[in-house]
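Here's target38.cif, which has mmCIF, C-alpha atoms and all ligand atoms:
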```
data_target
#
loop_
_atom_site.label_atom_id
_atom_site.label_comp_id
_atom_site.auth_asym_id
_atom_site.auth_seq_id
_atom_site.Cartn_x
_atom_site.Cartn_y
_atom_site.Cartn_z
CA MET P 1 167.19 314.48 202.98
CA THR P 2 168.90 317.67 201.84
CA GLU P 3 171.49 317.57 199.10
CA ARG P 4 174.75 319.15 200.23
CA VAL P 5 177.44 320.40 197.90
CA LEU P 6 181.00 319.20 198.43
CA ALA P 7 182.95 321.40 200.83
CA ALA P 8 186.61 322.04 201.64
CA GLY P 9 187.74 319.58 204.34
CA GLU P 10 185.48 316.79 203.07
CA ARG P 11 186.82 313.39 202.06
CA ILE P 12 186.04 312.52 198.45
CA LEU P 13 186.40 309.38 196.32
CA LEU P 14 187.59 310.00 192.76
CA VAL P 15 186.98 307.18 190.26
CA ASP P 16 188.56 307.21 186.79
CA SER P 17 187.31 305.46 183.64
CA ARG P 18 189.41 302.36 184.48
CA ASP P 19 187.82 302.17 187.93
CA ARG P 20 190.99 303.32 189.69
CA ARG P 21 189.94 304.87 192.97
CA TYR P 22 191.54 307.68 194.96
CA LEU P 23 190.54 309.00 198.36
CA ILE P 24 191.35 312.70 198.80
CA THR P 25 190.46 315.46 201.24
CA LEU P 26 189.28 318.61 199.49
CA SER P 27 191.38 321.69 200.19
CA THR P 28 191.04 325.14 198.63
CA GLY P 29 193.79 325.88 196.08
CA LYS P 30 195.18 322.32 196.10
CA GLN P 31 195.71 319.99 193.13
CA PHE P 32 195.23 316.24 192.83
CA HIS P 33 197.88 314.43 190.74
CA SER P 34 197.54 310.99 189.09
CA HIS P 35 198.48 309.12 185.86
CA SER P 36 195.50 310.90 184.31
CA GLY P 37 196.89 314.41 184.92
CA THR P 38 196.02 317.02 187.51
CA LEU P 39 192.73 318.23 188.87
CA ASP P 40 192.01 321.38 190.86
CA HIS P 41 190.20 320.69 194.13
CA ASP P 42 188.41 324.02 193.56
CA GLU P 43 186.53 322.43 190.65
CA LEU P 44 184.90 320.05 193.10
CA ILE P 45 184.34 322.41 196.02
CA GLY P 46 180.77 323.65 195.67
CA ALA P 47 179.76 320.87 193.23
CA PHE P 48 177.26 318.10 194.00
CA GLU P 49 178.58 314.60 194.57
CA GLY P 50 178.18 312.48 191.45
CA THR P 51 179.80 315.31 189.48
CA THR P 52 181.98 314.43 186.47
CA VAL P 53 185.17 316.45 186.09
CA ARG P 54 188.03 316.33 183.58
CA SER P 55 191.72 316.21 184.46
CA SER P 56 194.40 318.37 182.75
CA LYS P 57 194.85 315.46 180.25
CA GLY P 58 191.11 315.29 179.52
CA ALA P 59 190.47 312.11 181.56
CA ARG P 60 186.95 311.81 182.96
CA MET P 61 186.65 311.35 186.72
CA LEU P 62 183.64 310.90 188.96
CA ALA P 63 183.52 312.39 192.45
CA PHE P 64 181.52 310.91 195.33
CA ARG P 65 181.51 310.93 199.10
CA PRO P 66 183.03 307.52 199.94
CA THR P 67 180.91 304.72 201.35
CA LEU P 68 182.19 302.93 204.44
CA SER P 69 183.35 300.07 202.15
CA ASP P 70 185.27 302.54 199.94
CA TYR P 71 186.96 303.98 203.00
CA ILE P 72 187.87 300.60 204.51
CA LEU P 73 189.49 299.42 201.27
CA LYS P 74 191.55 302.62 201.04
CA MET P 75 192.43 303.40 204.66
CA GLN P 76 195.93 302.71 206.01
CA ARG P 77 196.43 299.23 207.41
CA GLY P 78 198.39 297.87 210.31
CA ALA P 79 196.74 294.46 210.62
CA GLN P 80 194.84 292.72 207.80
CA VAL P 81 191.30 294.08 207.63
CA VAL P 82 187.99 292.25 207.47
CA TYR P 83 186.68 292.85 203.93
CA PRO P 84 183.27 294.40 203.25
CA LYS P 85 181.77 291.10 202.00
CA ASP P 86 182.45 289.52 205.40
CA LEU P 87 181.51 292.63 207.38
CA GLY P 88 178.01 292.40 205.93
CA LEU P 89 177.68 288.77 206.99
CA ILE P 90 179.07 289.40 210.47
CA ILE P 91 176.65 292.28 211.07
CA MET P 92 173.66 290.14 210.04
CA TYR P 93 174.57 286.72 211.45
CA ALA P 94 175.96 288.07 214.72
CA ASP P 95 172.78 290.17 214.82
CA ILE P 96 174.45 293.49 215.62
CA PHE P 97 171.48 295.72 216.36
CA PRO P 98 170.98 299.43 217.14
CA GLY P 99 171.62 299.95 220.84
CA ALA P 100 173.71 296.76 221.29
CA ALA P 101 176.70 296.59 223.64
CA VAL P 102 179.46 294.82 221.71
CA LEU P 103 182.80 293.57 223.04
CA GLU P 104 185.34 293.24 220.21
CA ALA P 105 188.98 292.13 219.81
CA GLY P 106 191.42 292.72 218.25
CA THR P 107 190.83 296.16 216.93
CA GLY P 108 193.58 295.77 214.31
CA SER P 109 193.09 298.41 211.60
CA GLY P 110 189.56 299.14 212.77
CA SER P 111 187.58 297.87 209.79
CA LEU P 112 185.29 295.62 211.84
CA THR P 113 185.12 298.25 214.61
CA LEU P 114 183.75 300.77 212.10
CA ALA P 115 181.12 298.37 210.79
CA LEU P 116 180.07 297.44 214.34
CA SER P 117 179.96 301.10 215.38
CA ARG P 118 177.70 301.98 212.47
CA ALA P 119 175.39 299.03 213.20
CA VAL P 120 174.97 299.70 216.94
CA GLY P 121 174.26 303.39 216.27
CA ASP P 122 174.13 306.27 218.73
CA ALA P 123 172.43 304.25 221.46
CA GLY P 124 174.97 301.39 221.28
CA LEU P 125 178.57 300.89 222.35
CA VAL P 126 181.56 299.03 220.88
CA ILE P 127 184.34 298.28 223.36
CA SER P 128 187.34 297.02 221.42
CA TYR P 129 190.54 295.56 222.88
CA GLU P 130 193.85 295.42 221.03
CA LEU P 131 197.00 293.75 222.34
CA ARG P 132 199.49 295.73 220.26
CA GLU P 133 199.95 299.43 220.91
CA ASP P 134 200.87 300.13 217.24
CA HIS P 135 197.75 298.36 215.96
CA HIS P 136 195.62 300.15 218.55
CA GLU P 137 196.97 303.50 217.32
CA ARG P 138 196.39 302.65 213.67
CA GLY P 139 192.85 301.42 214.38
CA ALA P 140 192.07 304.47 216.51
CA ALA P 141 193.34 306.82 213.76
CA ASN P 142 191.23 305.08 211.12
CA VAL P 143 188.10 305.20 213.26
CA ARG P 144 188.70 308.86 214.15
CA GLU P 145 189.40 309.85 210.53
CA TRP P 146 186.23 308.17 209.29
CA TYR P 147 184.09 310.07 211.79
CA GLU P 148 185.96 313.34 211.24
CA GLY P 149 185.19 313.00 207.53
CA LEU P 150 181.51 312.93 208.51
CA GLY P 151 181.99 315.98 210.71
CA GLY P 152 181.68 314.12 214.01
CA LYS P 153 183.46 312.03 216.64
CA PRO P 154 183.38 308.28 217.29
CA GLU P 155 181.13 308.66 220.35
CA ASN P 156 180.04 305.00 220.53
CA VAL P 157 183.53 303.45 220.28
CA ASP P 158 185.78 302.78 223.26
CA LEU P 159 189.21 301.55 222.09
CA ARG P 160 191.50 300.00 224.70
CA VAL P 161 194.97 298.51 224.74
CA GLY P 162 194.78 295.14 226.46
CA ASP P 163 194.49 291.39 226.24
CA VAL P 164 190.89 290.34 225.74
CA PHE P 165 191.64 287.04 227.51
CA GLU P 166 192.71 288.78 230.72
CA ASP P 167 190.61 290.54 233.33
CA ILE P 168 187.86 291.97 231.18
CA PRO P 169 185.64 293.92 233.59
CA GLU P 170 182.61 294.21 231.29
CA SER P 171 179.55 292.10 231.99
CA GLY P 172 176.19 291.58 230.32
CA VAL P 173 177.35 292.53 226.81
CA ASP P 174 175.02 291.52 223.99
CA ARG P 175 177.64 290.39 221.48
CA LEU P 176 181.26 289.21 221.57
CA VAL P 177 183.05 289.57 218.21
CA LEU P 178 186.58 288.18 217.88
CA ASP P 179 189.01 288.49 214.98
CA LEU P 180 192.22 287.14 216.49
CA PRO P 181 194.25 283.93 216.14
CA GLU P 182 193.06 281.88 219.16
CA PRO P 183 189.44 282.74 219.95
CA TRP P 184 188.89 279.40 221.73
CA ARG P 185 190.93 280.87 224.59
CA ALA P 186 188.03 283.27 225.20
CA VAL P 187 185.64 280.46 226.09
CA GLY P 188 185.21 280.30 229.87
CA ARG P 189 187.26 283.49 230.32
CA THR P 190 186.15 286.43 228.18
CA THR P 191 182.78 284.80 227.62
CA HIS P 192 181.81 285.61 231.23
CA SER P 193 181.24 289.15 229.85
CA LEU P 194 178.55 287.92 227.49
CA ALA P 195 174.91 287.88 228.62
CA ALA P 196 173.05 284.55 228.45
CA GLY P 197 171.51 284.26 224.99
CA GLY P 198 174.20 286.61 223.63
CA ILE P 199 176.06 285.81 220.44
CA MET P 200 179.75 285.04 220.13
CA CYS P 201 181.09 285.53 216.60
CA CYS P 202 184.59 284.58 215.45
CA TYR P 203 186.33 285.35 212.19
CA LEU P 204 188.99 282.79 211.28
CA PRO P 205 191.18 282.21 208.23
CA THR P 206 191.94 278.47 208.63
CA VAL P 207 190.09 275.19 209.17
CA PRO P 208 192.07 274.01 212.25
CA GLN P 209 191.21 277.30 213.98
CA VAL P 210 187.54 276.77 213.16
CA GLN P 211 187.62 273.21 214.51
CA GLN P 212 189.26 274.21 217.78
CA THR P 213 186.89 277.14 218.24
CA VAL P 214 183.73 275.14 217.57
CA GLU P 215 184.84 272.35 219.95
CA ALA P 216 185.56 274.91 222.69
CA MET P 217 182.19 276.57 222.15
CA ARG P 218 180.30 273.26 222.37
CA ARG P 219 182.16 272.23 225.54
CA GLY P 220 182.01 275.70 227.04
CA GLY P 221 178.32 276.49 227.29
CA PHE P 222 177.34 277.55 223.78
CA GLY P 223 174.60 276.23 221.49
CA ILE P 224 173.39 276.73 217.92
CA VAL P 225 176.95 276.80 216.61
CA ASN P 226 176.95 277.85 212.97
CA THR P 227 179.98 277.93 210.61
CA PHE P 228 180.03 279.40 207.11
CA GLU P 229 182.01 281.47 204.62
CA GLY P 230 180.90 284.05 202.09
CA LEU P 231 182.00 284.07 198.45
CA VAL P 232 181.26 287.12 196.34
CA ARG P 233 181.79 286.85 192.59
CA THR P 234 181.59 290.06 190.58
CA TRP P 235 180.46 290.06 186.94
CA ASN P 236 181.63 291.74 183.77
CA ILE P 237 178.70 293.27 181.85
CA GLU P 238 179.89 294.79 178.55
CA GLY P 239 178.06 294.24 175.28
CA GLN P 240 178.02 290.48 174.60
CA SER P 241 180.58 289.85 177.33
CA VAL P 242 178.24 289.03 180.18
CA ARG P 243 180.11 286.63 182.45
CA PRO P 244 181.74 286.34 185.88
CA ASP P 245 184.96 288.33 186.27
CA HIS P 246 188.09 286.22 185.76
CA ARG P 247 189.44 287.09 189.20
CA MET P 248 187.83 286.99 192.61
CA VAL P 249 188.85 287.09 196.25
CA ALA P 250 188.25 283.38 196.77
CA HIS P 251 189.14 282.99 200.44
CA THR P 252 189.24 285.45 203.29
CA GLY P 253 187.88 283.85 206.45
CA PHE P 254 185.29 281.57 208.02
CA ILE P 255 182.65 282.97 210.33
CA VAL P 256 181.52 281.02 213.39
CA THR P 257 178.56 282.16 215.47
CA ALA P 258 177.13 280.59 218.62
CA ARG P 259 174.69 281.52 221.38
CA LYS P 260 175.56 281.49 225.04
CA LEU P 261 173.45 279.06 227.06
CA ALA P 262 171.95 280.03 230.40
CA GLY P 263 173.76 277.20 232.22
CA LEU P 264 177.05 275.47 231.54
CA GLU P 265 175.36 272.45 229.93
CA ASP P 266 176.80 270.22 227.27
CA ALA P 267 175.20 271.73 224.18
CA SER P 268 174.13 268.45 222.61
CA ILE P 269 171.31 270.14 220.68
CA PRO P 270 172.03 269.89 216.94
CA ASP P 271 173.71 272.96 215.46
CA ALA P 272 171.95 275.05 212.84
C1 LIG I 301 193.47 290.23 212.01
S1 LIG I 301 193.76 291.51 213.12
C2 LIG I 301 192.16 292.25 213.36
C3 LIG I 301 191.74 293.10 212.20
C4 LIG I 301 190.48 293.88 212.45
N1 LIG I 301 189.35 293.02 212.71
C5 LIG I 301 190.17 294.78 211.28
O1 LIG I 301 189.16 294.51 210.59
O2 LIG I 301 190.90 295.73 211.02
C6 LIG I 301 193.97 290.66 214.65
C7 LIG I 301 194.36 291.61 215.77
O3 LIG I 301 194.14 290.96 217.02
C8 LIG I 301 195.12 291.39 217.92
N2 LIG I 301 195.15 290.42 219.05
C9 LIG I 301 195.67 289.18 219.04
N3 LIG I 301 195.46 288.58 220.24
C10 LIG I 301 194.78 289.49 221.02
C11 LIG I 301 194.30 289.47 222.35
N4 LIG I 301 194.47 288.40 223.15
N5 LIG I 301 193.64 290.56 222.83
C12 LIG I 301 193.47 291.65 222.03
N6 LIG I 301 193.93 291.72 220.76
C13 LIG I 301 194.57 290.65 220.25
C14 LIG I 301 196.38 291.45 217.07
O4 LIG I 301 197.38 292.26 217.63
C15 LIG I 301 195.83 292.00 215.75
O5 LIG I 301 195.93 293.41 215.69
#
```
Before we go any further, please render this structure as structure tokens.
Ligand SMILES: C[S@@+](CC[C@H](N)C(=O)[O-])C[C@H]1O[C@@H](n2cnc3c(N)ncnc32)[C@H](O)[C@@H]1O
Amino acid sequence: MTERVLAAGERILLVDSRDRRYLITLSTGKQFHSHSGTLDHDELIGAFEGTTVRSSKGARMLAFRPTLSDYILKMQRGAQVVYPKDLGLIIMYADIFPGAAVLEAGTGSGSLTLALSRAVGDAGLVISYELREDHHERGAANVREWYEGLGGKPENVDLRVGDVFEDIPESGVDRLVLDLPEPWRAVGRTTHSLAAGGIMCCYLPTVPQVQQTVEAMRRGGFGIVNTFEGLVRTWNIEGQSVRPDHRMVAHTGFIVTARKLAGLEDASIPDA
């Protein structure tokens, strides 16, 4: 691994002493303005990431290349994004592997698309359908901007405007990942695109949606249906004050995964 200095055109995360975070693109001669004063981009261009700089008011700021989580939390949103804590679970429990062919919907703001794209890697493909033109455009811009910030193009992402419940031509995909309101409608329709043994994964905010989805999966040729949610509690570690933070994101969504059976049997095998 070679250490690269920060260059003009790169996207940078600035973090102040109160953990306020700003995403900026470095540009020669430009200034960054915040409550903490101004900062010349030129001070960062040519420096290593992890550099500490001081604003015109003397405030200390750290500069890093953003992680994918940093970017997702800061990028512009059309639809509500899947948060990093859930992205991690989806990638692992839906078993998104390098080289996988993944069918996704809806693209929304592109948060899940980006996580899937990173997990399938150069040899994989993410085909993502989005019903709304405006959401498709927002998602496409976010995906493109993330890759442009890395100096590349989103080669393994194919974003389409369309209804994932209608006429999906793909077949034999390894994984079907749905973050939309009525995923049960995919069972027996979109699920024809999924290879036997493939995993269907749904992200759902409410219990009635989970119930309807799980019932449809069990009736519609899926086994090993697994439902869970992920709670992440951050901690405050300062002197004697070592305790959970007072606030947390308590509920985002439930994750349901299931495996497609080879035949359309009633999946009466106990779920995991
Ligand atoms: C909650 S958002 C998805 C957010 C996205 N996962 C992200 O992380 O940014 C749900 C999206 O599904 C889209 N949608 C709803 N029904 C759809 C369908 N039948 N086919 C394709 N997209 C659909 C909506 O327009 C909306 O943009």
Rows by chain and residue number, range 164-184 of chain P within 12 Å of range 71-94 of chain P, shortest pair, all atoms listed in the file, as a tab-separated table:
```
residue	atom	partner	partner_atom	distance
P:Asp174	CA	P:Ala94	CA	9.9
P:Arg175	CA	P:Ala94	CA	7.3
P:Leu176	CA	P:Ala94	CA	8.7
P:Val177	CA	P:Ala94	CA	8.0
P:Leu178	CA	P:Ile90	CA	10.6
P:Asp179	CA	P:Val82	CA	8.5
P:Leu180	CA	P:Ala79	CA	10.4
```
Would you please work out which residue, of P:Val187, P:Ile237, P:Ala195, P:Leu131, is nearest to ligand LIG 301 (chain I) when using all atoms listed in the file?
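Looking at the shortest contact to ligand LIG 301 (chain I), the residue is P:Leu131.
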Using all atoms listed in the file, find each residue with an atom at most 7 Å away from ligand LIG 301 (chain I) and format the answer as a list of chain:residue names.
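Residues lying within 7 Å of ligand LIG 301 (chain I): P:Ala79, P:Gln80, P:Val81, P:Val82, P:Ala105, P:Gly106, P:Thr107, P:Gly108, P:Ser109, P:Gly110, P:Ser111, P:Leu112, P:Thr113, P:Tyr129, P:Glu130, P:Leu131, P:Arg132, P:His135, P:Gly139, P:Gly162, P:Asp163, P:Val164, P:Phe165, P:Asp179, P:Leu180, P:Pro181.
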How many Å lie between CA of Arg54 in chain P and CA of Arg4 in chain P, rounded to one decimal?
21.5 Å
Just give me the gap between CA of Gly220 in chain P and CA of Gly188 in chain P in Å, one decimal is fine.
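Pair CA of Gly220 in chain P / CA of Gly188 in chain P returns 6.3 Å.
Atom pair CA of Leu204 in chain P / CA of Val256 in chain P has a distance of 8.0 Å (rounded to one decimal).
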Using only C-alpha atoms, can you tell me which of P:Arg185, P:His41, P:Arg259, P:Arg118 comes closest to Leu14 in chain P?
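Among the listed residues, P:His41 lies closest to Leu14 in chain P.
Among the candidates P:Leu194, P:Ala141, P:Cys201, P:Ala216, the residue lying nearest to Ala262 in chain P is P:Leu194 (atoms considered: only C-alpha atoms).
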Could you name the residues that touch Ser55 in chain P at 8 Å or less, counting all atoms listed in the file, but leaving out those on the same chain fewer than 5 positions away, as a VMD selection string?
chain P and resid 36 to 39 60 to 61
When distances are computed from all atoms listed in the file, which of P:Gly198, P:Gly149, P:Gly99, P:Pro154 shows the smallest separation from Thr25 in chain P?
P:Gly149
Which of P:Lys260, P:Arg138, P:Arg11, P:Arg20 sits closest to Ala196 in chain P [using only C-alpha atoms]:
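Answer, going by the shortest atom-to-atom distance: P:Lys260.
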Find, counting only C-alpha atoms, the residue in P:Leu114, P:Val232, P:Met1, P:Ala100 that gets nearest to Glu145 in chain P.
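Looking only at the distances to Glu145 in chain P, the closest residue turns out to be P:Leu114.
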Residue contacts of Ser27 in chain P (9 Å, only C-alpha atoms) excluding same-chain residues fewer than 3 positions away, as a PyMOL selection string:
chain P and resi 7-10+30-31+41-42+45
Report as a PyMOL selection string all protein, DNA and RNA residues lying within 12 Å of Leu13 in chain P, evaluated on all atoms listed in the file, omitting residues in the same chain fewer than 4 positions from it.
chain P and resi 6+19-26+32+44+49-52+61-71+73-75+149
So that I can check the surroundings of Arg247 in chain P, please list as a PyMOL selection string every protein, DNA and RNA residue that reaches within 10 Å of it, counting all atoms listed in the file and ignoring chain neighbours fewer than 2 positions away.
chain P and resi 233-235+244-245+249-250
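Contact shell of Glu215 in chain P at 10 Å (all atoms listed in the file; same-chain neighbours under 6 positions omitted): Trp184, Phe222 and Val225 of chain P.
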